[in-house]
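Trainee: Contents of coords_2.pdb (PDB, C-alpha atoms) are given next:
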```pdb
MODEL        1
ATOM      1  CA  MET F   1      56.519-114.687 192.982
ATOM      2  CA  ASN F   2      57.502-118.303 193.569
ATOM      3  CA  THR F   3      59.622-119.540 196.429
ATOM      4  CA  GLN F   4      62.954-121.224 195.709
ATOM      5  CA  THR F   5      61.328-124.617 195.180
ATOM      6  CA  GLY F   6      58.428-123.222 193.172
ATOM      7  CA  HIS F   7      55.667-123.362 195.791
ATOM      8  CA  THR F   8      52.667-121.055 195.790
ATOM      9  CA  ASN F   9      52.085-118.567 193.045
ATOM     10  CA  ALA F  10      49.434-116.877 195.175
ATOM     11  CA  ILE F  11      48.655-116.872 198.879
ATOM     12  CA  ALA F  12      46.564-114.623 201.089
ATOM     13  CA  ALA F  13      48.638-112.438 203.415
ATOM     14  CA  SER F  14      46.307-113.391 206.253
ATOM     15  CA  ARG F  15      47.507-116.997 205.907
ATOM     16  CA  VAL F  16      51.162-115.951 206.066
ATOM     17  CA  ILE F  17      51.088-113.505 208.983
ATOM     18  CA  GLY F  18      51.665-115.336 212.255
ATOM     19  CA  THR F  19      53.332-118.320 210.599
ATOM     20  CA  ASP F  20      56.475-119.685 212.233
ATOM     21  CA  VAL F  21      59.845-119.422 210.498
ATOM     22  CA  PHE F  22      62.555-122.074 210.854
ATOM     23  CA  SER F  23      66.239-122.244 209.982
ATOM     24  CA  THR F  24      67.485-125.019 207.711
ATOM     25  CA  SER F  25      68.545-126.915 210.850
ATOM     26  CA  GLY F  26      64.886-126.956 211.957
ATOM     27  CA  GLU F  27      65.229-124.438 214.785
ATOM     28  CA  LYS F  28      62.329-121.995 215.155
ATOM     29  CA  ILE F  29      63.780-118.546 214.660
ATOM     30  CA  GLY F  30      60.717-116.349 214.612
ATOM     31  CA  THR F  31      57.318-115.521 213.219
ATOM     32  CA  ILE F  32      56.152-113.604 210.166
ATOM     33  CA  GLU F  33      54.782-110.381 211.601
ATOM     34  CA  ASP F  34      53.892-108.662 208.352
ATOM     35  CA  ILE F  35      54.531-108.464 204.632
ATOM     36  CA  MET F  36      55.630-105.254 202.970
ATOM     37  CA  LEU F  37      54.136-104.639 199.529
ATOM     38  CA  GLU F  38      55.486-102.387 196.825
ATOM     39  CA  LYS F  39      52.391-100.820 195.307
ATOM     40  CA  SER F  40      54.057 -99.215 192.324
ATOM     41  CA  ALA F  41      55.696-102.469 191.202
ATOM     42  CA  ASN F  42      52.873-104.800 192.305
ATOM     43  CA  GLY F  43      55.360-106.960 194.211
ATOM     44  CA  ILE F  44      56.269-108.210 197.644
ATOM     45  CA  MET F  45      59.213-106.255 198.989
ATOM     46  CA  PHE F  46      59.979-108.484 201.967
ATOM     47  CA  ALA F  47      58.583-110.449 204.865
ATOM     48  CA  VAL F  48      58.909-108.898 208.313
ATOM     49  CA  ILE F  49      60.164-111.584 210.675
ATOM     50  CA  GLY F  50      60.069-110.913 214.392
ATOM     51  CA  PHE F  51      62.075-112.825 216.932
ATOM     52  CA  GLY F  52      63.097-112.379 220.513
ATOM     53  CA  GLY F  53      61.197-110.404 223.083
ATOM     54  CA  PHE F  54      58.040-111.252 224.932
ATOM     55  CA  LEU F  55      54.576-109.963 224.026
ATOM     56  CA  GLY F  56      56.127-107.505 221.599
ATOM     57  CA  ILE F  57      58.581-106.037 224.135
ATOM     58  CA  GLY F  58      62.189-106.241 223.035
ATOM     59  CA  GLU F  59      61.293-107.954 219.781
ATOM     60  CA  LYS F  60      63.551-107.354 216.801
ATOM     61  CA  TYR F  61      62.271-107.161 213.249
ATOM     62  CA  HIS F  62      64.126-108.297 210.163
ATOM     63  CA  ALA F  63      63.312-107.677 206.531
ATOM     64  CA  VAL F  64      63.810-110.971 204.702
ATOM     65  CA  PRO F  65      63.388-111.278 200.929
ATOM     66  CA  TRP F  66      60.108-113.034 200.219
ATOM     67  CA  SER F  67      61.730-115.348 197.669
ATOM     68  CA  ALA F  68      64.020-116.730 200.400
ATOM     69  CA  LEU F  69      61.085-118.219 202.329
ATOM     70  CA  ASP F  70      59.914-121.693 201.415
ATOM     71  CA  TYR F  71      56.814-123.187 203.033
ATOM     72  CA  GLU F  72      57.242-126.669 204.484
ATOM     73  CA  LYS F  73      53.893-128.312 205.108
ATOM     74  CA  SER F  74      55.262-130.887 207.572
ATOM     75  CA  ARG F  75      56.500-128.087 209.874
ATOM     76  CA  GLY F  76      53.549-125.824 209.268
ATOM     77  CA  GLY F  77      55.931-122.957 208.680
ATOM     78  CA  TYR F  78      58.480-121.329 206.429
ATOM     79  CA  ILE F  79      62.098-122.412 206.107
ATOM     80  CA  VAL F  80      64.786-119.846 205.342
ATOM     81  CA  PRO F  81      68.241-120.837 204.095
ATOM     82  CA  PHE F  82      69.859-118.849 206.884
ATOM     83  CA  SER F  83      71.029-119.788 210.345
ATOM     84  CA  LYS F  84      69.729-118.166 213.505
ATOM     85  CA  GLU F  85      73.153-116.539 213.834
ATOM     86  CA  GLN F  86      72.890-115.014 210.347
ATOM     87  CA  LEU F  87      69.485-113.592 211.214
ATOM     88  CA  GLN F  88      70.706-112.268 214.549
ATOM     89  CA  ALA F  89      73.560-110.460 212.766
ATOM     90  CA  ALA F  90      71.241-109.054 210.081
ATOM     91  CA  PRO F  91      70.071-105.437 210.106
ATOM     92  CA  VAL F  92      67.258-104.922 212.637
ATOM     93  CA  TYR F  93      64.472-102.391 212.449
ATOM     94  CA  SER F  94      61.537-100.958 214.292
ATOM     95  CA  ILE F  95      58.218-101.251 212.502
ATOM     96  CA  ASN F  96      58.453 -97.534 211.639
ATOM     97  CA  GLU F  97      61.940 -97.943 210.179
ATOM     98  CA  LEU F  98      60.708-100.711 207.899
ATOM     99  CA  THR F  99      58.411 -98.253 206.139
ATOM    100  CA  GLY F 100      60.844 -95.311 206.101
ATOM    101  CA  ASP F 101      62.018 -94.246 202.631
ATOM    102  CA  HIS F 102      58.990 -96.153 201.309
ATOM    103  CA  GLY F 103      60.574 -99.379 202.584
ATOM    104  CA  LYS F 104      63.357 -99.229 200.028
ATOM    105  CA  ALA F 105      66.202 -98.768 202.531
ATOM    106  CA  ALA F 106      65.211-101.921 204.446
ATOM    107  CA  ARG F 107      64.536-103.782 201.197
ATOM    108  CA  ASP F 108      67.898-102.898 199.668
ATOM    109  CA  ALA F 109      69.795-103.700 202.878
ATOM    110  CA  SER F 110      68.089-107.076 203.277
ATOM    111  CA  TYR F 111      68.647-108.200 199.696
ATOM    112  CA  ALA F 112      72.314-107.173 199.933
ATOM    113  CA  TYR F 113      72.844-108.809 203.325
ATOM    114  CA  TYR F 114      71.245-112.131 202.349
ATOM    115  CA  LYS F 115      72.757-111.995 198.845
ATOM    116  CA  VAL F 116      69.396-112.508 197.125
ATOM    117  CA  ASP F 117      68.988-111.297 193.566
ATOM    118  CA  PRO F 118      66.781-108.175 193.528
ATOM    119  CA  TYR F 119      63.383-108.552 191.875
ATOM    120  CA  TRP F 120      63.187-104.903 190.844
ATOM    121  CA  TYR F 121      65.806-105.017 188.073
TER
ENDMDL
END
```
Would you mind writing the structure in this file as structure tokens?

Mentor:
Amino acid sequence: MNTQTGHTNAIAASRVIGTDVFSTSGEKIGTIEDIMLEKSANGIMFAVIGFGGFLGIGEKYHAVPWSALDYEKSRGGYIVPFSKEQLQAAPVYSINELTGDHGKAARDASYAYYKVDPYWY
């Protein structure tokens, strides 16, 4: 699945996890903690972005549609077309909640919140 500007048709998850995420204004808003895969559809459901907290304590996790992330080489991280405030107001989850209902509840909520066209239709 390509990003909005057409970058990367394929990338190893190990290269994505731990990468910084920035808002369009250039502010670091978090880090990619994980990527949720949908086995039955052979697709990426969403990226798990963590922000806040210290050493994993108090950190919040957001499900962000994979197609909304765009890698910017000069920053060495992903840019999302959302402000820090939009992300802070987005649904938050624990790691366990992200996988509940096979991840579909978090997926559906994130695509609706960010107004990203669903890939599964």

Trainee: Leaving out Pro81 in chain F and any residue of its chain fewer than 2 positions from it, which residues lie within 9 Å of it when counting all atoms listed in the file, given as a count of residues only?

Mentor: 8

Trainee: Quick one: apply the PyMOL selection byres ((chain F and resi 15) around 12) to the file and drop the selected residues here as a CSV table (one decimal) with C-alpha atoms, in the frame of the given file.

Mentor:
```csv
chain,number,residue,atom,x,y,z
F,10,ALA,CA,49.4,-116.9,195.2
F,11,ILE,CA,48.7,-116.9,198.9
F,12,ALA,CA,46.6,-114.6,201.1
F,13,ALA,CA,48.6,-112.4,203.4
F,14,SER,CA,46.3,-113.4,206.3
F,16,VAL,CA,51.2,-116.0,206.1
F,17,ILE,CA,51.1,-113.5,209.0
F,18,GLY,CA,51.7,-115.3,212.3
F,19,THR,CA,53.3,-118.3,210.6
F,20,ASP,CA,56.5,-119.7,212.2
F,32,ILE,CA,56.2,-113.6,210.2
F,33,GLU,CA,54.8,-110.4,211.6
F,34,ASP,CA,53.9,-108.7,208.4
F,35,ILE,CA,54.5,-108.5,204.6
F,71,TYR,CA,56.8,-123.2,203.0
F,76,GLY,CA,53.5,-125.8,209.3
F,77,GLY,CA,55.9,-123.0,208.7
F,78,TYR,CA,58.5,-121.3,206.4
```

Trainee: Please list as a PyMOL selection string every residue within 10 Å of range 89-99 of chain F, counting all atoms listed in the file and excluding residues in the same chain fewer than 4 positions away.

Mentor: chain F and resi 33-34+36+46+48-50+59-64+83-85+103-107+109-110+113-114

Trainee: To one decimal place in Å, what is the distance between CA of Phe82 in chain F and CA of Gly100 in chain F?

Mentor: 25.2 Å

Trainee: Just how far from CA of Trp66 in chain F is CA of Ala47 in chain F, in Å to one decimal?

Mentor: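 Computed distance, CA of Ala47 in chain F to CA of Trp66 in chain F, equals 5.5 Å.
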
Trainee: Just the number, please: distance in Å from CA of Gly26 in chain F to CA of Arg75 in chain F, one decimal.

Mentor: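 These atoms are spaced 8.7 Å apart.
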
Trainee: Pick from F:Glu38, F:Val116, F:Ile44, F:Gln86: nearest to Asp101 in chain F, with all atoms listed in the file counted?

Mentor: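 Of F:Glu38, F:Val116, F:Ile44, F:Gln86, the one nearest Asp101 in chain F is F:Glu38, counting all atoms listed in the file.
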
Trainee: Box for range 28-33 of chain F - axis-aligned, 5 Å on each of the six sides, all listed atoms - centre and size in Å to one decimal, as JSON.

Mentor:
```
{"center_x": 59.3, "center_y": -116.2, "center_z": 212.7, "size_x": 19.0, "size_y": 21.6, "size_z": 15.0}
```
